[in-house]
Every structure is written in structure tokens, then in C-alpha cells.
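What's in data24.pdb: PDB, C-alpha atoms and all ligand atoms
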```
ATOM      1  CA  MET A   1     -12.186 -31.262 -51.904  1.00  0.00           C
ATOM      2  CA  SER A   2     -12.409 -31.629 -55.637  1.00  0.00           C
ATOM      3  CA  THR A   3     -15.846 -29.968 -55.773  1.00  0.00           C
ATOM      4  CA  SER A   4     -14.575 -26.817 -54.113  1.00  0.00           C
ATOM      5  CA  ALA A   5     -11.430 -27.026 -56.197  1.00  0.00           C
ATOM      6  CA  SER A   6     -13.449 -26.515 -59.338  1.00  0.00           C
ATOM      7  CA  ALA A   7     -15.269 -23.519 -57.904  1.00  0.00           C
ATOM      8  CA  HIS A   8     -12.407 -21.559 -56.395  1.00  0.00           C
ATOM      9  CA  SER A   9      -8.980 -20.320 -57.239  1.00  0.00           C
ATOM     10  CA  SER A  10      -6.064 -22.351 -56.022  1.00  0.00           C
ATOM     11  CA  ALA A  11      -5.389 -19.662 -53.399  1.00  0.00           C
ATOM     12  CA  ALA A  12      -8.874 -20.045 -51.931  1.00  0.00           C
ATOM     13  CA  ILE A  13      -8.446 -23.788 -51.788  1.00  0.00           C
ATOM     14  CA  ASP A  14      -5.239 -23.347 -49.847  1.00  0.00           C
ATOM     15  CA  ALA A  15      -6.877 -21.053 -47.331  1.00  0.00           C
ATOM     16  CA  THR A  16      -9.617 -23.480 -46.417  1.00  0.00           C
ATOM     17  CA  SER A  17      -7.775 -26.747 -46.891  1.00  0.00           C
ATOM     18  CA  THR A  18      -7.419 -28.946 -43.857  1.00  0.00           C
ATOM     19  CA  GLU A  19      -4.532 -30.843 -45.383  1.00  0.00           C
ATOM     20  CA  GLY A  20      -1.268 -31.145 -43.498  1.00  0.00           C
ATOM     21  CA  THR A  21      -0.487 -30.301 -39.909  1.00  0.00           C
ATOM     22  CA  VAL A  22      -1.836 -27.301 -38.079  1.00  0.00           C
ATOM     23  CA  ILE A  23       1.435 -25.483 -38.688  1.00  0.00           C
ATOM     24  CA  ASP A  24       1.214 -26.301 -42.392  1.00  0.00           C
ATOM     25  CA  ARG A  25      -2.136 -24.516 -42.375  1.00  0.00           C
ATOM     26  CA  LEU A  26      -0.698 -21.537 -40.532  1.00  0.00           C
ATOM     27  CA  VAL A  27       2.079 -21.248 -43.094  1.00  0.00           C
ATOM     28  CA  ARG A  28      -0.475 -21.370 -45.908  1.00  0.00           C
ATOM     29  CA  ALA A  29      -2.484 -18.647 -44.178  1.00  0.00           C
ATOM     30  CA  ASN A  30       0.644 -16.521 -44.091  1.00  0.00           C
ATOM     31  CA  THR A  31       1.005 -16.641 -47.848  1.00  0.00           C
ATOM     32  CA  HIS A  32      -2.430 -15.018 -48.102  1.00  0.00           C
ATOM     33  CA  TYR A  33      -1.592 -12.485 -45.418  1.00  0.00           C
ATOM     34  CA  ALA A  34       1.637 -11.569 -47.156  1.00  0.00           C
ATOM     35  CA  ALA A  35      -0.083 -11.256 -50.530  1.00  0.00           C
ATOM     36  CA  ASP A  36      -2.164  -8.335 -49.212  1.00  0.00           C
ATOM     37  CA  PHE A  37       0.500  -6.942 -46.937  1.00  0.00           C
ATOM     38  CA  ALA A  38       1.834  -3.459 -47.517  1.00  0.00           C
ATOM     39  CA  ASP A  39       4.854  -2.259 -45.579  1.00  0.00           C
ATOM     40  CA  PRO A  40       3.339   0.072 -42.952  1.00  0.00           C
ATOM     41  CA  GLY A  41       6.664   1.872 -42.701  1.00  0.00           C
ATOM     42  CA  MET A  42       6.652   1.786 -38.913  1.00  0.00           C
ATOM     43  CA  ASP A  43       9.646   1.672 -36.662  1.00  0.00           C
ATOM     44  CA  ALA A  44       9.792  -0.637 -33.655  1.00  0.00           C
ATOM     45  CA  ARG A  45       8.644   1.936 -31.099  1.00  0.00           C
ATOM     46  CA  PRO A  46       4.995   1.353 -30.159  1.00  0.00           C
ATOM     47  CA  VAL A  47       2.809   4.256 -31.255  1.00  0.00           C
ATOM     48  CA  ARG A  48       0.792   4.357 -28.020  1.00  0.00           C
ATOM     49  CA  ARG A  49       3.837   3.872 -25.831  1.00  0.00           C
ATOM     50  CA  VAL A  50       2.189   1.092 -23.873  1.00  0.00           C
ATOM     51  CA  ALA A  51       3.136  -2.476 -23.037  1.00  0.00           C
ATOM     52  CA  VAL A  52       0.355  -4.975 -22.349  1.00  0.00           C
ATOM     53  CA  VAL A  53       1.170  -8.020 -20.225  1.00  0.00           C
ATOM     54  CA  ALA A  54      -1.501 -10.681 -20.581  1.00  0.00           C
ATOM     55  CA  CYS A  55      -2.282 -14.357 -20.197  1.00  0.00           C
ATOM     56  CA  MET A  56      -1.692 -16.518 -23.230  1.00  0.00           C
ATOM     57  CA  ASP A  57      -5.319 -17.681 -23.056  1.00  0.00           C
ATOM     58  CA  ALA A  58      -6.754 -18.448 -26.505  1.00  0.00           C
ATOM     59  CA  ARG A  59     -10.017 -16.652 -25.714  1.00  0.00           C
ATOM     60  CA  LEU A  60      -8.335 -13.332 -25.144  1.00  0.00           C
ATOM     61  CA  ASP A  61      -7.959 -11.373 -28.392  1.00  0.00           C
ATOM     62  CA  LEU A  62      -6.010  -8.437 -27.004  1.00  0.00           C
ATOM     63  CA  HIS A  63      -5.995  -6.257 -30.076  1.00  0.00           C
ATOM     64  CA  ALA A  64      -9.725  -6.610 -30.628  1.00  0.00           C
ATOM     65  CA  ALA A  65     -10.610  -6.321 -26.948  1.00  0.00           C
ATOM     66  CA  LEU A  66      -8.570  -3.156 -26.428  1.00  0.00           C
ATOM     67  CA  GLY A  67      -9.044  -1.473 -29.795  1.00  0.00           C
ATOM     68  CA  LEU A  68      -5.394  -1.821 -30.653  1.00  0.00           C
ATOM     69  CA  GLU A  69      -3.958  -1.530 -34.133  1.00  0.00           C
ATOM     70  CA  LEU A  70      -0.755  -2.826 -35.625  1.00  0.00           C
ATOM     71  CA  GLY A  71       2.174  -0.946 -34.186  1.00  0.00           C
ATOM     72  CA  ASP A  72       0.303   0.395 -31.165  1.00  0.00           C
ATOM     73  CA  CYS A  73       1.783  -1.600 -28.320  1.00  0.00           C
ATOM     74  CA  HIS A  74       4.076  -4.292 -27.067  1.00  0.00           C
ATOM     75  CA  THR A  75       2.268  -7.468 -26.090  1.00  0.00           C
ATOM     76  CA  ILE A  76       3.978  -9.744 -23.605  1.00  0.00           C
ATOM     77  CA  ARG A  77       2.117 -12.961 -22.921  1.00  0.00           C
ATOM     78  CA  ASN A  78       2.641 -16.068 -20.844  1.00  0.00           C
ATOM     79  CA  ALA A  79       0.625 -18.556 -18.814  1.00  0.00           C
ATOM     80  CA  GLY A  80      -1.345 -16.386 -16.410  1.00  0.00           C
ATOM     81  CA  GLY A  81       0.035 -13.054 -17.546  1.00  0.00           C
ATOM     82  CA  VAL A  82       2.380 -13.427 -14.591  1.00  0.00           C
ATOM     83  CA  VAL A  83       5.092 -10.823 -14.065  1.00  0.00           C
ATOM     84  CA  THR A  84       8.111 -13.113 -14.056  1.00  0.00           C
ATOM     85  CA  ASP A  85      11.747 -12.091 -14.316  1.00  0.00           C
ATOM     86  CA  ASP A  86      11.486 -12.589 -18.054  1.00  0.00           C
ATOM     87  CA  VAL A  87       8.492 -10.262 -18.265  1.00  0.00           C
ATOM     88  CA  ILE A  88      10.506  -7.659 -16.359  1.00  0.00           C
ATOM     89  CA  ARG A  89      13.276  -8.217 -18.914  1.00  0.00           C
ATOM     90  CA  SER A  90      10.858  -7.476 -21.754  1.00  0.00           C
ATOM     91  CA  LEU A  91       9.333  -4.480 -19.978  1.00  0.00           C
ATOM     92  CA  THR A  92      12.780  -3.079 -19.273  1.00  0.00           C
ATOM     93  CA  ILE A  93      13.697  -3.308 -22.947  1.00  0.00           C
ATOM     94  CA  SER A  94      10.266  -1.959 -23.890  1.00  0.00           C
ATOM     95  CA  GLN A  95      10.727   1.141 -21.752  1.00  0.00           C
ATOM     96  CA  ARG A  96      14.437   1.792 -21.968  1.00  0.00           C
ATOM     97  CA  ALA A  97      15.082   0.901 -25.605  1.00  0.00           C
ATOM     98  CA  LEU A  98      11.700   1.292 -27.283  1.00  0.00           C
ATOM     99  CA  GLY A  99      10.019   4.192 -25.549  1.00  0.00           C
ATOM    100  CA  THR A 100       6.960   2.772 -23.781  1.00  0.00           C
ATOM    101  CA  ARG A 101       5.763   4.432 -20.575  1.00  0.00           C
ATOM    102  CA  SER A 102       2.559   2.668 -19.516  1.00  0.00           C
ATOM    103  CA  VAL A 103       2.025  -0.936 -18.424  1.00  0.00           C
ATOM    104  CA  MET A 104      -1.377  -2.614 -18.641  1.00  0.00           C
ATOM    105  CA  LEU A 105      -1.844  -6.021 -17.026  1.00  0.00           C
ATOM    106  CA  VAL A 106      -4.666  -8.276 -18.225  1.00  0.00           C
ATOM    107  CA  HIS A 107      -5.554 -11.456 -16.399  1.00  0.00           C
ATOM    108  CA  HIS A 108      -8.877 -13.168 -16.930  1.00  0.00           C
ATOM    109  CA  THR A 109     -11.667 -15.268 -15.494  1.00  0.00           C
ATOM    110  CA  ASN A 110     -11.532 -19.040 -15.764  1.00  0.00           C
ATOM    111  CA  CYS A 111      -7.737 -19.111 -16.112  1.00  0.00           C
ATOM    112  CA  GLY A 112      -6.051 -22.479 -16.440  1.00  0.00           C
ATOM    113  CA  LEU A 113      -3.659 -21.528 -13.634  1.00  0.00           C
ATOM    114  CA  GLU A 114      -6.548 -21.604 -11.156  1.00  0.00           C
ATOM    115  CA  ASP A 115      -6.667 -25.377 -11.556  1.00  0.00           C
ATOM    116  CA  LEU A 116      -2.978 -25.904 -10.871  1.00  0.00           C
ATOM    117  CA  THR A 117      -0.791 -25.837  -7.771  1.00  0.00           C
ATOM    118  CA  GLU A 118       2.938 -25.959  -7.233  1.00  0.00           C
ATOM    119  CA  ASP A 119       2.443 -29.748  -7.117  1.00  0.00           C
ATOM    120  CA  PHE A 120       2.587 -29.468 -10.903  1.00  0.00           C
ATOM    121  CA  ARG A 121       6.329 -28.976 -10.611  1.00  0.00           C
ATOM    122  CA  HIS A 122       6.739 -31.926  -8.278  1.00  0.00           C
ATOM    123  CA  GLU A 123       4.742 -34.142 -10.611  1.00  0.00           C
ATOM    124  CA  ILE A 124       7.033 -33.125 -13.460  1.00  0.00           C
ATOM    125  CA  GLU A 125      10.032 -33.846 -11.281  1.00  0.00           C
ATOM    126  CA  ASP A 126       8.704 -37.313 -10.499  1.00  0.00           C
ATOM    127  CA  GLU A 127       8.173 -37.941 -14.181  1.00  0.00           C
ATOM    128  CA  VAL A 128      11.377 -36.617 -15.715  1.00  0.00           C
ATOM    129  CA  GLY A 129      13.805 -36.638 -12.789  1.00  0.00           C
ATOM    130  CA  GLN A 130      14.394 -32.899 -12.783  1.00  0.00           C
ATOM    131  CA  ARG A 131      12.412 -30.161 -11.090  1.00  0.00           C
ATOM    132  CA  PRO A 132      11.737 -27.086 -13.233  1.00  0.00           C
ATOM    133  CA  ALA A 133      13.582 -23.996 -12.059  1.00  0.00           C
ATOM    134  CA  TRP A 134      10.488 -21.859 -12.595  1.00  0.00           C
ATOM    135  CA  ALA A 135       7.529 -21.438 -10.297  1.00  0.00           C
ATOM    136  CA  VAL A 136       4.116 -22.460 -11.626  1.00  0.00           C
ATOM    137  CA  GLU A 137       2.687 -19.178 -10.297  1.00  0.00           C
ATOM    138  CA  ALA A 138      -0.675 -20.845  -9.762  1.00  0.00           C
ATOM    139  CA  PHE A 139      -3.310 -18.786  -7.967  1.00  0.00           C
ATOM    140  CA  ARG A 140      -6.771 -19.057  -6.441  1.00  0.00           C
ATOM    141  CA  ASP A 141      -7.778 -15.401  -6.382  1.00  0.00           C
ATOM    142  CA  VAL A 142      -7.390 -13.652  -9.714  1.00  0.00           C
ATOM    143  CA  ASP A 143      -7.838 -10.177  -8.187  1.00  0.00           C
ATOM    144  CA  GLN A 144      -5.022 -10.797  -5.744  1.00  0.00           C
ATOM    145  CA  ASP A 145      -2.888 -12.189  -8.551  1.00  0.00           C
ATOM    146  CA  VAL A 146      -3.360  -8.981 -10.526  1.00  0.00           C
ATOM    147  CA  ARG A 147      -2.390  -6.943  -7.453  1.00  0.00           C
ATOM    148  CA  GLN A 148       0.748  -8.985  -7.018  1.00  0.00           C
ATOM    149  CA  SER A 149       1.631  -8.478 -10.671  1.00  0.00           C
ATOM    150  CA  MET A 150       1.100  -4.718 -10.416  1.00  0.00           C
ATOM    151  CA  LYS A 151       3.317  -4.647  -7.346  1.00  0.00           C
ATOM    152  CA  ARG A 152       6.097  -6.541  -9.103  1.00  0.00           C
ATOM    153  CA  VAL A 153       6.079  -4.015 -11.943  1.00  0.00           C
ATOM    154  CA  ARG A 154       5.885  -1.000  -9.654  1.00  0.00           C
ATOM    155  CA  THR A 155       8.730  -2.165  -7.444  1.00  0.00           C
ATOM    156  CA  SER A 156      11.084  -3.256 -10.196  1.00  0.00           C
ATOM    157  CA  PRO A 157      14.306  -1.257 -10.001  1.00  0.00           C
ATOM    158  CA  PHE A 158      14.917  -1.709 -13.720  1.00  0.00           C
ATOM    159  CA  LEU A 159      11.943   0.154 -15.139  1.00  0.00           C
ATOM    160  CA  LEU A 160      11.971   3.849 -15.920  1.00  0.00           C
ATOM    161  CA  TYR A 161       8.230   4.402 -15.546  1.00  0.00           C
ATOM    162  CA  ALA A 162       6.012   2.881 -12.859  1.00  0.00           C
ATOM    163  CA  ASP A 163       3.467   5.672 -12.450  1.00  0.00           C
ATOM    164  CA  ASP A 164       0.979   4.384 -15.031  1.00  0.00           C
ATOM    165  CA  VAL A 165       0.612   0.696 -14.175  1.00  0.00           C
ATOM    166  CA  ARG A 166      -2.943  -0.630 -14.128  1.00  0.00           C
ATOM    167  CA  GLY A 167      -4.337  -4.125 -13.784  1.00  0.00           C
ATOM    168  CA  PHE A 168      -7.530  -5.706 -15.072  1.00  0.00           C
ATOM    169  CA  VAL A 169      -9.478  -8.951 -15.190  1.00  0.00           C
ATOM    170  CA  PHE A 170     -10.999  -9.804 -18.574  1.00  0.00           C
ATOM    171  CA  ASP A 171     -14.254 -11.732 -18.339  1.00  0.00           C
ATOM    172  CA  VAL A 172     -14.091 -14.449 -21.010  1.00  0.00           C
ATOM    173  CA  THR A 173     -17.890 -14.742 -21.048  1.00  0.00           C
ATOM    174  CA  THR A 174     -18.761 -11.045 -21.478  1.00  0.00           C
ATOM    175  CA  GLY A 175     -15.634  -9.568 -23.041  1.00  0.00           C
ATOM    176  CA  ARG A 176     -15.567  -6.882 -20.369  1.00  0.00           C
ATOM    177  CA  LEU A 177     -12.576  -5.634 -18.425  1.00  0.00           C
ATOM    178  CA  ARG A 178     -12.801  -5.062 -14.682  1.00  0.00           C
ATOM    179  CA  GLU A 179     -10.134  -2.853 -13.153  1.00  0.00           C
ATOM    180  CA  ILE A 180      -8.421  -4.021 -10.001  1.00  0.00           C
ATOM    181  CA  ASP A 181      -7.670  -1.517  -7.269  1.00  0.00           C
ATOM    182  CA  PRO A 182      -4.031  -2.069  -6.367  1.00  0.00           C
ATOM    183  CA  ALA A 183      -4.739  -1.214  -2.741  1.00  0.00           C
ATOM    184  CA  GLY A 184      -8.179  -2.775  -2.640  1.00  0.00           C
ATOM    185  CA  ALA A 185      -9.327  -5.529  -0.383  1.00  0.00           C
ATOM    186  CA  ASP A 186     -10.748  -8.696  -1.814  1.00  0.00           C
ATOM    187  CA  THR A 187     -14.358  -8.438  -2.890  1.00  0.00           C
ATOM    188  CA  PRO A 188     -15.726 -11.948  -2.372  1.00  0.00           C
ATOM    189  CA  ALA A 189     -19.275 -10.795  -3.094  1.00  0.00           C
ATOM    190  CA  ASP A 190     -18.197 -10.079  -6.667  1.00  0.00           C
ATOM    191  CA  THR A 191     -17.017 -13.581  -7.349  1.00  0.00           C
ATOM    192  CA  ALA A 192     -19.332 -16.323  -8.419  1.00  0.00           C
ATOM    193  CA  ASP A 193     -16.696 -18.963  -7.764  1.00  0.00           C
ATOM    194  CA  PRO A 194     -18.351 -21.645  -5.646  1.00  0.00           C
ATOM    195  CA  ALA A 195     -14.955 -22.635  -4.324  1.00  0.00           C
ATOM    196  CA  ALA A 196     -14.292 -19.143  -2.988  1.00  0.00           C
TER     197      ALA A 196
HETATM  198 ZN    ZN B   1      -5.080 -17.612 -18.284  1.00  0.00          ZN
END
```

Kindly return the structure encoded in the file as C-alpha cells.
Ligand SMILES: [Zn+2]
Amino acid sequence: MSTSASAHSSAAIDATSTEGTVIDRLVRANTHYAADFADPGMDARPVRRVAVVACMDARLDLHAALGLELGDCHTIRNAGGVVTDDVIRSLTISQRALGTRSVMLVHHTNCGLEDLTEDFRHEIEDEVGQRPAWAVEAFRDVDQDVRQSMKRVRTSPFLLYADDVRGFVFDVTTGRLREIDPAGADTPADTADPAA
């Protein structure tokens, strides 16, 4: 600590310091981000007119993986990248108020939802005395889950544009996207899942 303190500016010390909580460190990182930040002068409408719905998985860096820049897209993320009512809410606002036209869905291999079942809700109910109102949306077949998500977007009555909706599985070990045919049958030969 003190050795690096003598060699670096106080700003550099802050950036690498492990002091405080994780959120303390995030707030310190923001001071460095803001120091170099120039107002890009953008409005809120995404430049590429696309909304990306993806899993919250920490291994999925959407902007890097898809070549996206600041201001390009809306990103809507949750556990599984599931198209819930709240995702439809965001997509509706994205299209009707902020001009997006395309919807890209990105699920991924080795998703945490594959290890859960709806029992998760019952276990929570047993523990806290109240069952969550939401579904876990656990799944066993990621391809089928992407198809279901595409279908929920395409059949939503609230969206203006459902003609350019495409779904993909991101492989967390290779970084590659694999497109899912919305009408396709399952392709068990493609999966290396021993449980399949
Ligand atoms: Zn996931």
C-alpha cells in the first residue's frame, strides 16, 4: 500500500485500492471515468435502432461481443434474458418512445437458470412465508428457451415492429454467437450436455 503510494499519483492509488466495499471501489472507478468523460452530445434514441435483450450473466460483455458503441442500442438484461412482462414494457418504450425497430435476443451456454426449477419459488415460500409472484423461468433447453422468447416478442400486441426479431445463444467458452431458427426443431446432436 505505502510502497505503491510513493510511486503513483493519488488517483492511481484510488483506482487500484482494495479498500472499502465493492461498491466503494465502483464509486472510486467512476471518478476516474468521469475525469476523462466528454459529453458525447447524444440524445436518448439508440443510433442503431436496436434493442438487445440478454442474460445478466457476468461473462457476457454485450458491447464487446457485438461491436457496440456508446449510444448504439438499448440493453435490457435479466436472469436468463427471459422476455417477461417487464421486458415487454421496456421494449414497448424502446420502440414507441425511443425509435428502435429491431430486437436481438442473446441467451448463452452454461446459464445459471439451467440448474434451477420452479421449486426455487417453493423453497423461498417455505423460507419466508410468501411465494414470489414471478416465475423462475428456468429451462433445460436453451435453444427452445430462445424460441419461446422470440415468440413472446413477436406476438406482443404492444410492439410496433416484430419483423426483425432474432435470437442467439452466446457460447461463454468461445465467444461465438449461434443463431436459433425460430421454426427449427431441436438439434440434440449439437449439444454436448450429458444430461440432454
Ligand atoms: Zn444466464

Practice prompt. Check every protein, DNA and RNA residue against ligand ZN 1 (chain B), keep those with an atom at most 7 Å away (counting all atoms listed in the file), and present them as an MDAnalysis selection string.
Written response: chainID A and resid 55:57 79:81 107:108 111:113

Can you give me, as a PDB file with C-alpha atoms, in the coordinates of the input, the residues this file yields under the PyMOL selection byres (((chain A and resi 99) around 12) and not hetatm)?
```
ATOM      1  CA  ASP A  43       9.646   1.672 -36.662  1.00  0.00           C
ATOM      2  CA  ALA A  44       9.792  -0.637 -33.655  1.00  0.00           C
ATOM      3  CA  ARG A  45       8.644   1.936 -31.099  1.00  0.00           C
ATOM      4  CA  PRO A  46       4.995   1.353 -30.159  1.00  0.00           C
ATOM      5  CA  VAL A  47       2.809   4.256 -31.255  1.00  0.00           C
ATOM      6  CA  ARG A  48       0.792   4.357 -28.020  1.00  0.00           C
ATOM      7  CA  ARG A  49       3.837   3.872 -25.831  1.00  0.00           C
ATOM      8  CA  VAL A  50       2.189   1.092 -23.873  1.00  0.00           C
ATOM      9  CA  ALA A  51       3.136  -2.476 -23.037  1.00  0.00           C
ATOM     10  CA  ASP A  72       0.303   0.395 -31.165  1.00  0.00           C
ATOM     11  CA  CYS A  73       1.783  -1.600 -28.320  1.00  0.00           C
ATOM     12  CA  HIS A  74       4.076  -4.292 -27.067  1.00  0.00           C
ATOM     13  CA  LEU A  91       9.333  -4.480 -19.978  1.00  0.00           C
ATOM     14  CA  THR A  92      12.780  -3.079 -19.273  1.00  0.00           C
ATOM     15  CA  ILE A  93      13.697  -3.308 -22.947  1.00  0.00           C
ATOM     16  CA  SER A  94      10.266  -1.959 -23.890  1.00  0.00           C
ATOM     17  CA  GLN A  95      10.727   1.141 -21.752  1.00  0.00           C
ATOM     18  CA  ARG A  96      14.437   1.792 -21.968  1.00  0.00           C
ATOM     19  CA  ALA A  97      15.082   0.901 -25.605  1.00  0.00           C
ATOM     20  CA  LEU A  98      11.700   1.292 -27.283  1.00  0.00           C
ATOM     21  CA  THR A 100       6.960   2.772 -23.781  1.00  0.00           C
ATOM     22  CA  ARG A 101       5.763   4.432 -20.575  1.00  0.00           C
ATOM     23  CA  SER A 102       2.559   2.668 -19.516  1.00  0.00           C
ATOM     24  CA  VAL A 103       2.025  -0.936 -18.424  1.00  0.00           C
ATOM     25  CA  LEU A 159      11.943   0.154 -15.139  1.00  0.00           C
ATOM     26  CA  LEU A 160      11.971   3.849 -15.920  1.00  0.00           C
ATOM     27  CA  TYR A 161       8.230   4.402 -15.546  1.00  0.00           C
TER      28      TYR A 161
END
```

Discussion item. So, with all atoms listed in the file as the atoms that count, which of A:Asn110, A:Pro40, A:Gln144, A:Gly71 lies closest to Ala58 in chain A?
Written reply: A:Asn110

Discussion item. If we count all atoms listed in the file and set the cut-off at 12 Å, which residues sit around range 119-135 of chain A, ignoring sequence neighbours fewer than 4 positions away in its own chain? Please answer as a VMD selection string.
Written reply: chain A and resid 79 to 80 82 to 86 113 115 139

Worksheet item: What does the distance between CA of Arg147 in chain A and CA of Gly184 in chain A come to in Å, to one decimal place?
Response: 8.6 Å

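Nearest to Phe158 in chain A of all the residues A:Ile88, A:Ala35, A:Thr173, A:Asp181 is A:Ile88, based on only C-alpha atoms.
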
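Here CA of Val27 in chain A stands at a distance of 23.6 Å from CA of Gly41 in chain A.
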
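Of the residues under consideration (A:Thr31, A:Ser156, A:Thr21, A:Thr109), A:Ser156 shows the shortest atom-to-atom contact distance to Val87 in chain A when counting all atoms listed in the file.
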
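Counting all atoms listed in the file and comparing A:Val106, A:Ala29, A:Leu62, A:Leu116, the residue that lies closest to Phe170 in chain A is A:Val106.
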
Worksheet item: Counting all atoms listed in the file, which of A:Thr117, A:Thr75, A:Thr174, A:Thr18 gets nearest to Ala138 in chain A?
Response: A:Thr117

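Going from CA of Ala54 in chain A to CA of Asp163 in chain A covers 18.9 Å.
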
Using only the atoms of range 85-94 of chain A listed in the file, plus 3 Å on each side, state the axis-aligned box centre and edge lengths in Å rounded to one decimal, as JSON.
```
{"center_x": 11.1, "center_y": -7.3, "center_z": -19.1, "size_x": 11.2, "size_y": 16.6, "size_z": 15.6}
```

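Running the PyMOL selection byres (((chain A and resi 179) around 9) and not hetatm) on this file leaves Arg166, Gly167, Phe168, Val169, Phe170, Leu177, Arg178, Ile180 and Asp181 of chain A selected.
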
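Ranking A:Arg89, A:Glu69, A:Asp61, A:Val53 by their shortest atom-to-atom distance to Met150 in chain A, with all atoms listed in the file included, puts A:Val53 first.
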